[in-house]
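K.L.:
My structure is stored as model37.cif, with mmCIF, C-alpha atoms.
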data_my_file
loop_
_atom_site.label_atom_id
_atom_site.label_comp_id
_atom_site.auth_asym_id
_atom_site.auth_seq_id
_atom_site.Cartn_x
_atom_site.Cartn_y
_atom_site.Cartn_z
CA MET A 1052 -12.49 -28.08 -7.50
CA ASP A 1053 -13.38 -25.13 -5.29
CA SER A 1054 -9.78 -25.03 -4.11
CA VAL A 1055 -8.46 -24.63 -7.66
CA GLY A 1056 -10.84 -21.73 -8.33
CA SER A 1057 -9.79 -20.09 -5.07
CA ILE A 1058 -6.11 -20.37 -5.98
CA ILE A 1059 -6.75 -18.97 -9.46
CA MET A 1060 -8.70 -16.05 -7.99
CA TYR A 1061 -5.89 -15.36 -5.53
CA LEU A 1062 -3.33 -15.41 -8.35
CA VAL A 1063 -5.43 -12.99 -10.41
CA ILE A 1064 -5.75 -10.60 -7.47
CA ALA A 1065 -2.04 -10.86 -6.57
CA LEU A 1066 -1.01 -10.32 -10.20
CA SER A 1067 -3.25 -7.26 -10.49
CA ILE A 1068 -1.77 -5.81 -7.28
CA ILE A 1069 1.76 -6.33 -8.64
CA VAL A 1070 1.00 -4.94 -12.11
CA PHE A 1071 -0.83 -1.84 -10.89
CA SER A 1072 1.82 -1.19 -8.22
CA VAL A 1073 4.56 -1.25 -10.85
CA LEU A 1074 2.50 0.97 -13.15
CA THR A 1075 1.94 3.41 -10.28
CA VAL A 1076 5.63 4.04 -9.78
CA THR A 1077 6.73 3.88 -13.42
CA THR A 1078 4.21 6.09 -15.22
CA ARG A 1079 5.26 9.64 -16.02
CA LYS A 1080 1.75 11.11 -15.83
CA ILE A 1081 0.83 11.89 -12.25
CA LEU A 1082 -2.95 11.49 -12.58
CA ARG A 1083 -2.43 8.09 -14.17
CA ALA A 1084 -0.24 7.16 -11.22
CA ALA A 1085 -3.08 8.12 -8.86
CA THR A 1086 -5.51 6.04 -10.93
CA TYR A 1087 -3.19 3.01 -10.86
CA LEU A 1088 -2.87 3.47 -7.10
CA LEU A 1089 -6.67 3.41 -6.89
CA PHE A 1090 -6.73 0.10 -8.80
CA THR A 1091 -4.06 -1.30 -6.47
CA LEU A 1092 -6.15 -0.37 -3.45
CA PHE A 1093 -9.28 -1.93 -4.99
CA ALA A 1094 -7.36 -5.14 -5.65
CA THR A 1095 -6.17 -5.14 -2.03
CA ALA A 1096 -9.79 -4.78 -0.94
CA ALA A 1097 -10.68 -7.73 -3.18
CA LEU A 1098 -8.01 -9.75 -1.39
CA TYR A 1099 -9.60 -8.85 1.96
CA PHE A 1100 -13.01 -9.87 0.66
CA LYS A 1101 -11.57 -13.16 -0.59
CA LEU A 1102 -10.20 -13.85 2.88
CA ASP A 1103 -13.70 -13.23 4.31
CA TYR A 1104 -12.67 -9.99 6.03
CA GLU A 1105 -15.62 -7.97 4.75
CA PHE A 1106 -15.14 -5.18 7.27
CA LEU A 1107 -11.48 -4.64 6.34
CA GLY A 1108 -12.38 -4.74 2.65
CA ALA A 1109 -15.07 -2.11 3.15
CA VAL A 1110 -12.68 0.06 5.18
CA GLN A 1111 -10.03 -0.34 2.47
CA ILE A 1112 -12.46 0.93 -0.15
CA ALA A 1113 -13.98 3.70 1.97
CA VAL A 1114 -10.86 5.09 3.60
CA TYR A 1115 -8.02 4.40 1.21
CA ALA A 1116 -9.60 4.04 -2.21
CA GLY A 1117 -12.18 6.71 -1.42
CA GLY A 1118 -10.56 9.21 0.90
CA ILE A 1119 -6.81 8.99 0.41
CA VAL A 1120 -6.84 8.81 -3.39
CA VAL A 1121 -9.26 11.75 -3.54
CA LEU A 1122 -6.86 13.65 -1.26
CA PHE A 1123 -3.95 12.77 -3.57
CA VAL A 1124 -5.84 13.88 -6.68
CA PHE A 1125 -6.93 17.10 -4.95
CA SER A 1126 -3.32 17.80 -3.98
CA ILE A 1127 -2.09 17.05 -7.50
CA LEU A 1128 -4.63 19.39 -9.06
CA LEU A 1129 -3.74 22.15 -6.62
CA THR A 1130 0.03 21.93 -6.97
CA SER A 1131 0.83 20.94 -10.57
CA HIS A 1132 -0.38 20.80 -14.13
CA PRO A 1133 -1.73 17.26 -14.39
CA GLY A 1134 -1.58 17.01 -18.19
CA ASN A 1135 2.17 17.50 -18.32
CA ASN A 1136 4.59 14.62 -18.32
CA SER A 1137 7.22 14.59 -15.63
CA GLU A 1138 10.77 14.85 -16.84
CA ARG A 1139 12.63 11.64 -17.46
CA LEU A 1140 15.16 11.06 -14.73
CA VAL A 1141 18.69 10.99 -16.06
CA SER A 1142 21.45 9.75 -13.84
CA LYS A 1143 24.94 8.49 -14.47
CA LYS A 1144 24.74 6.42 -11.29
CA ARG A 1145 22.15 3.89 -12.44
CA VAL A 1146 24.53 0.97 -12.03
CA LEU A 1147 25.33 2.08 -8.48
CA GLY A 1148 21.63 2.45 -7.68
CA LEU A 1149 20.80 -0.95 -9.15
CA THR A 1150 23.66 -2.54 -7.23
CA ALA A 1151 22.47 -0.91 -4.00
CA ALA A 1152 18.90 -2.08 -4.64
CA VAL A 1153 19.98 -5.69 -5.26
CA ALA A 1154 22.25 -5.62 -2.19
CA THR A 1155 19.43 -4.24 -0.05
CA PHE A 1156 17.05 -6.90 -1.35
CA ALA A 1157 19.61 -9.63 -0.60
CA VAL A 1158 20.29 -8.36 2.94
CA ALA A 1159 16.56 -7.96 3.67
CA GLY A 1160 15.84 -11.44 2.32
CA TRP A 1161 18.67 -12.96 4.34
CA ALA A 1162 17.51 -11.15 7.50
CA LEU A 1163 13.93 -12.29 6.97
CA LEU A 1164 14.91 -15.92 6.40
CA HIS A 1165 17.42 -15.89 9.25
CA ARG A 1166 14.95 -14.31 11.67
CA CYS A 1167 11.81 -16.17 10.61
CA GLY A 1168 13.23 -19.42 9.19
CA ALA A 1169 12.96 -21.36 12.44
CA ALA A 1170 9.49 -20.00 13.13
CA LEU A 1171 8.29 -21.07 9.68
CA ALA A 1172 9.58 -24.61 10.19
CA GLN A 1173 7.21 -25.16 13.12
CA LEU A 1174 4.09 -23.19 12.32
CA PRO A 1175 1.26 -23.44 14.83
CA GLU A 1176 -2.25 -24.37 13.80
CA MET A 1177 -3.68 -21.35 11.97
CA SER A 1178 -7.16 -19.98 12.56
CA ASN A 1179 -8.97 -16.91 11.35
CA PRO A 1180 -9.06 -14.25 14.05
CA SER A 1181 -12.35 -12.60 14.85
CA MET A 1182 -13.01 -8.95 14.09
CA HIS A 1183 -12.88 -8.29 17.83
CA LYS A 1184 -9.28 -9.60 18.02
CA ILE A 1185 -8.27 -7.59 14.95
CA GLY A 1186 -9.84 -4.46 16.45
CA GLU A 1187 -8.01 -5.00 19.74
CA ALA A 1188 -4.72 -5.45 17.89
CA LEU A 1189 -5.20 -2.32 15.80
CA MET A 1190 -6.57 -0.02 18.50
CA GLY A 1191 -4.93 -1.40 21.63
CA THR A 1192 -2.11 0.21 23.58
CA GLY A 1193 -0.34 -2.93 24.77
CA GLU A 1194 2.59 -4.82 23.32
CA TYR A 1195 2.21 -5.60 19.58
CA GLN A 1196 -0.78 -3.28 19.32
CA TYR A 1197 -0.98 -0.36 16.94
CA LEU A 1198 -2.82 2.63 18.40
CA LEU A 1199 0.28 4.86 18.50
CA PRO A 1200 1.30 4.25 14.84
CA PHE A 1201 -2.34 4.70 13.81
CA GLU A 1202 -2.46 8.10 15.52
CA ALA A 1203 0.96 9.06 14.09
CA VAL A 1204 -0.31 8.37 10.57
CA SER A 1205 -3.43 10.46 11.21
CA VAL A 1206 -1.25 13.40 12.38
CA LEU A 1207 0.93 12.96 9.27
CA LEU A 1208 -2.13 13.05 7.01
CA LEU A 1209 -3.38 16.17 8.78
CA ALA A 1210 0.02 17.81 8.22
CA CYS A 1211 -0.20 16.90 4.51
CA ILE A 1212 -3.65 18.46 4.22
CA ILE A 1213 -2.46 21.66 5.94
CA GLY A 1214 0.63 21.73 3.71
CA GLY A 1215 -1.55 21.37 0.61
CA VAL A 1216 -3.77 24.25 1.70
CA VAL A 1217 -0.72 26.45 2.42
CA VAL A 1218 0.80 25.66 -0.99
CA ALA A 1219 -2.53 26.32 -2.72
CA ARG A 1220 -2.93 29.70 -0.98
CA LYS A 1221 0.50 30.88 -2.12
CA ARG A 1222 -0.54 30.42 -5.75
#
Once you've parsed the file, please lay out its structure as structure tokens.
P.N.:
Amino acid sequence: MDSVGSIIMYLVIALSIIVFSVLTVTTRKILRAATYLLFTLFATAALYFKLDYEFLGAVQIAVYAGGIVVLFVFSILLTSHPGNNSERLVSKKRVLGLTAAVATFAVAGWALLHRCGAALAQLPEMSNPSMHKIGEALMGTGEYQYLLPFEAVSVLLLACIIGGVVVARKR
């Protein structure tokens, strides 16, 4: 019985992530897009909490839902008029774009299945990693560890903040 409730909760969280992600990229009002992004990040945090990764869920809420979305909204308010709708994109190459998107999806799916198909057939016994192992993977400098990309993203965010300040000063 508990298993059925867990699956239903997962489906609700996954559906909310999908719906709010689609709304984020399809709305024409930029502040609504930022709000939908906030809901997507909260749903992702709920998924972390459901998987018993309380620390990652808290970080998701504090850093992304709190800090990054506030940065986005601050940038939006500094650089545009948030009440205005964005113009509807008009292109005569929609069919070409749709064809390219479907072809890219097919190639990516084929590559994923071709690369990971054999590995999925013989999955090892799964266990939940400890927070120590996750921290080592995220902040380590060895193979398959992510300190360099983490620092690259922090430099990119710093460049965005500086760019926002420069754009705001020109106005």
K.L.:
Looking at all atoms listed in the file, which of A:Thr1078, A:Ser1181, A:Thr1150, A:Ser1126 is the one that sits closest to A:Val1218?
P.N.:
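Closest to A:Val1218 of all the choices is A:Ser1126.
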K.L.:
Have a look at atom CA of A:Val1141 and atom CA of A:Ser1072 and let me know their distance in Å, one decimal.
P.N.:
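Between atom CA of A:Val1141 and atom CA of A:Ser1072 the gap works out to 22.2 Å.
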K.L.:
Measuring between only C-alpha atoms, which one of A:Phe1106, A:Trp1161, A:Tyr1087, A:Phe1123 shows the shortest distance to A:Gly1186?
P.N.:
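Of all the options, A:Phe1106 lies closest to A:Gly1186.
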K.L.:
For a test of reading the model, state the distance in Å between atom CA of A:Tyr1099 and atom CA of A:Glu1187, rounded to one decimal.
P.N.:
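If I compute the distance from atom CA of A:Tyr1099 to atom CA of A:Glu1187, I get 18.3 Å.
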K.L.:
I'd like to know which of A:Leu1107, A:Leu1164, A:Ile1119, A:Leu1129 is closest to A:Leu1189, using only C-alpha atoms.
P.N.:
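Of A:Leu1107, A:Leu1164, A:Ile1119, A:Leu1129, the one nearest A:Leu1189, counting only C-alpha atoms, is A:Leu1107.
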K.L.:
Work out how far atom CA of A:Ala1097 is from atom CA of A:Leu1128, in Å to one decimal.
P.N.:
28.4 Å
K.L.:
Where does the PyMOL selection byres ((chain A and resi 1124) around 10) land in this file, that is, which residues does it pick, as a compact mmCIF listing (two decimals) with C-alpha atoms, keeping the file's coordinate frame?
P.N.:
# COMPACT_ATOMS: atom_id res chain seq x y z
CA ILE A 1081 0.83 11.89 -12.25
CA LEU A 1082 -2.95 11.49 -12.58
CA ALA A 1084 -0.24 7.16 -11.22
CA ALA A 1085 -3.08 8.12 -8.86
CA THR A 1086 -5.51 6.04 -10.93
CA ILE A 1119 -6.81 8.99 0.41
CA VAL A 1120 -6.84 8.81 -3.39
CA VAL A 1121 -9.26 11.75 -3.54
CA LEU A 1122 -6.86 13.65 -1.26
CA PHE A 1123 -3.95 12.77 -3.57
CA PHE A 1125 -6.93 17.10 -4.95
CA SER A 1126 -3.32 17.80 -3.98
CA ILE A 1127 -2.09 17.05 -7.50
CA LEU A 1128 -4.63 19.39 -9.06
CA LEU A 1129 -3.74 22.15 -6.62
CA THR A 1130 0.03 21.93 -6.97
CA PRO A 1133 -1.73 17.26 -14.39
K.L.:
Within 12 Å of (-3.2, -10.0, -9.7) (file coordinates; all atoms listed in the file), which protein or nucleic acid residues are there? I'd like them as a list in words.
P.N.:
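Within the cut-off we find Ile1058, Ile1059, Met1060, Tyr1061, Leu1062, Val1063, Ile1064, Ala1065, Leu1066, Ser1067, Ile1068, Ile1069, Val1070, Phe1071, Ser1072, Val1073, Phe1090, Thr1091, Leu1092, Phe1093, Ala1094, Thr1095, Ala1097 and Leu1098 of chain A.
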K.L.:
For A:Ser1057, which residue among A:Leu1102, A:Leu1209, A:Ala1203, A:Ile1185 is the nearest when counting only C-alpha atoms?
P.N.:
A:Leu1102
K.L.:
Taking the block just given, write stretch 1087-1118 of chain A to a file that holds N, CA, C and O atoms, as a compact mmCIF listing (two decimals), in the first residue's frame.
P.N.:
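Ended up saving to result01.txt:
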# COMPACT_ATOMS: atom_id res chain seq x y z
N TYR A 1087 6.90 30.37 -13.06
CA TYR A 1087 6.79 28.95 -13.42
C TYR A 1087 8.12 28.24 -13.20
O TYR A 1087 8.15 27.08 -12.78
N LEU A 1088 9.23 28.92 -13.46
CA LEU A 1088 10.54 28.34 -13.18
C LEU A 1088 10.70 28.09 -11.69
O LEU A 1088 11.23 27.05 -11.27
N LEU A 1089 10.21 29.02 -10.87
CA LEU A 1089 10.26 28.84 -9.42
C LEU A 1089 9.47 27.59 -9.00
O LEU A 1089 9.95 26.79 -8.20
N PHE A 1090 8.29 27.40 -9.58
CA PHE A 1090 7.49 26.21 -9.26
C PHE A 1090 8.20 24.93 -9.71
O PHE A 1090 8.14 23.91 -9.03
N THR A 1091 8.87 24.99 -10.86
CA THR A 1091 9.63 23.83 -11.33
C THR A 1091 10.74 23.48 -10.36
O THR A 1091 10.97 22.31 -10.04
N LEU A 1092 11.44 24.49 -9.86
CA LEU A 1092 12.52 24.25 -8.92
C LEU A 1092 12.00 23.74 -7.57
O LEU A 1092 12.64 22.89 -6.94
N PHE A 1093 10.84 24.21 -7.13
CA PHE A 1093 10.23 23.68 -5.91
C PHE A 1093 9.84 22.22 -6.09
O PHE A 1093 10.02 21.40 -5.19
N ALA A 1094 9.31 21.88 -7.26
CA ALA A 1094 8.92 20.49 -7.51
C ALA A 1094 10.16 19.59 -7.56
O ALA A 1094 10.13 18.45 -7.09
N THR A 1095 11.25 20.11 -8.09
CA THR A 1095 12.50 19.35 -8.09
C THR A 1095 12.99 19.13 -6.66
O THR A 1095 13.46 18.04 -6.31
N ALA A 1096 12.85 20.14 -5.83
CA ALA A 1096 13.21 19.98 -4.41
C ALA A 1096 12.31 18.94 -3.75
O ALA A 1096 12.78 18.14 -2.93
N ALA A 1097 11.03 18.93 -4.10
CA ALA A 1097 10.12 17.92 -3.55
C ALA A 1097 10.57 16.52 -3.96
O ALA A 1097 10.48 15.57 -3.17
N LEU A 1098 11.07 16.38 -5.18
CA LEU A 1098 11.58 15.09 -5.62
C LEU A 1098 12.79 14.67 -4.79
O LEU A 1098 12.91 13.51 -4.40
N TYR A 1099 13.68 15.61 -4.50
CA TYR A 1099 14.83 15.31 -3.64
C TYR A 1099 14.37 14.88 -2.24
O TYR A 1099 14.89 13.93 -1.68
N PHE A 1100 13.39 15.60 -1.70
CA PHE A 1100 12.88 15.23 -0.38
C PHE A 1100 12.24 13.85 -0.41
O PHE A 1100 12.39 13.08 0.53
N LYS A 1101 11.55 13.52 -1.49
CA LYS A 1101 10.93 12.21 -1.60
C LYS A 1101 11.98 11.10 -1.64
O LYS A 1101 11.75 10.01 -1.15
N LEU A 1102 13.12 11.39 -2.22
CA LEU A 1102 14.21 10.41 -2.29
C LEU A 1102 15.05 10.38 -1.02
O LEU A 1102 16.09 9.73 -0.99
N ASP A 1103 14.62 11.10 0.01
CA ASP A 1103 15.32 11.18 1.30
C ASP A 1103 16.67 11.88 1.20
O ASP A 1103 17.59 11.57 1.95
N TYR A 1104 16.81 12.81 0.25
CA TYR A 1104 17.99 13.65 0.17
C TYR A 1104 17.62 15.04 0.68
O TYR A 1104 17.47 15.98 -0.08
N GLU A 1105 17.46 15.14 2.01
CA GLU A 1105 17.00 16.38 2.60
C GLU A 1105 17.97 17.52 2.35
O GLU A 1105 17.55 18.66 2.10
N PHE A 1106 19.27 17.23 2.40
CA PHE A 1106 20.25 18.29 2.20
C PHE A 1106 20.15 18.86 0.78
O PHE A 1106 20.15 20.07 0.60
N LEU A 1107 20.07 17.98 -0.22
CA LEU A 1107 19.96 18.46 -1.59
C LEU A 1107 18.65 19.21 -1.81
O LEU A 1107 18.62 20.21 -2.55
N GLY A 1108 17.57 18.76 -1.19
CA GLY A 1108 16.31 19.49 -1.30
C GLY A 1108 16.41 20.88 -0.69
O GLY A 1108 15.92 21.85 -1.27
N ALA A 1109 17.04 20.98 0.46
CA ALA A 1109 17.22 22.29 1.10
C ALA A 1109 18.11 23.19 0.26
O ALA A 1109 17.84 24.39 0.11
N VAL A 1110 19.17 22.63 -0.31
CA VAL A 1110 20.05 23.42 -1.18
C VAL A 1110 19.30 23.87 -2.43
O VAL A 1110 19.46 25.01 -2.88
N GLN A 1111 18.48 22.99 -2.98
CA GLN A 1111 17.68 23.34 -4.16
C GLN A 1111 16.78 24.53 -3.86
O GLN A 1111 16.68 25.46 -4.66
N ILE A 1112 16.15 24.52 -2.72
CA ILE A 1112 15.26 25.63 -2.36
C ILE A 1112 16.06 26.89 -2.06
O ILE A 1112 15.73 27.98 -2.55
N ALA A 1113 17.13 26.76 -1.28
CA ALA A 1113 17.88 27.95 -0.86
C ALA A 1113 18.63 28.59 -2.01
O ALA A 1113 18.57 29.80 -2.22
N VAL A 1114 19.34 27.78 -2.79
CA VAL A 1114 20.21 28.34 -3.82
C VAL A 1114 19.43 28.65 -5.09
O VAL A 1114 19.44 29.77 -5.59
N TYR A 1115 18.73 27.65 -5.61
CA TYR A 1115 18.08 27.85 -6.91
C TYR A 1115 16.76 28.59 -6.77
O TYR A 1115 16.57 29.64 -7.38
N ALA A 1116 15.84 28.04 -5.99
CA ALA A 1116 14.53 28.67 -5.87
C ALA A 1116 14.65 30.03 -5.18
O ALA A 1116 13.94 30.96 -5.52
N GLY A 1117 15.57 30.15 -4.23
CA GLY A 1117 15.73 31.42 -3.54
C GLY A 1117 16.62 32.39 -4.29
O GLY A 1117 16.20 33.47 -4.68
N GLY A 1118 17.87 31.99 -4.51
CA GLY A 1118 18.85 32.91 -5.05
C GLY A 1118 18.76 33.15 -6.55
O GLY A 1118 18.71 34.29 -7.01
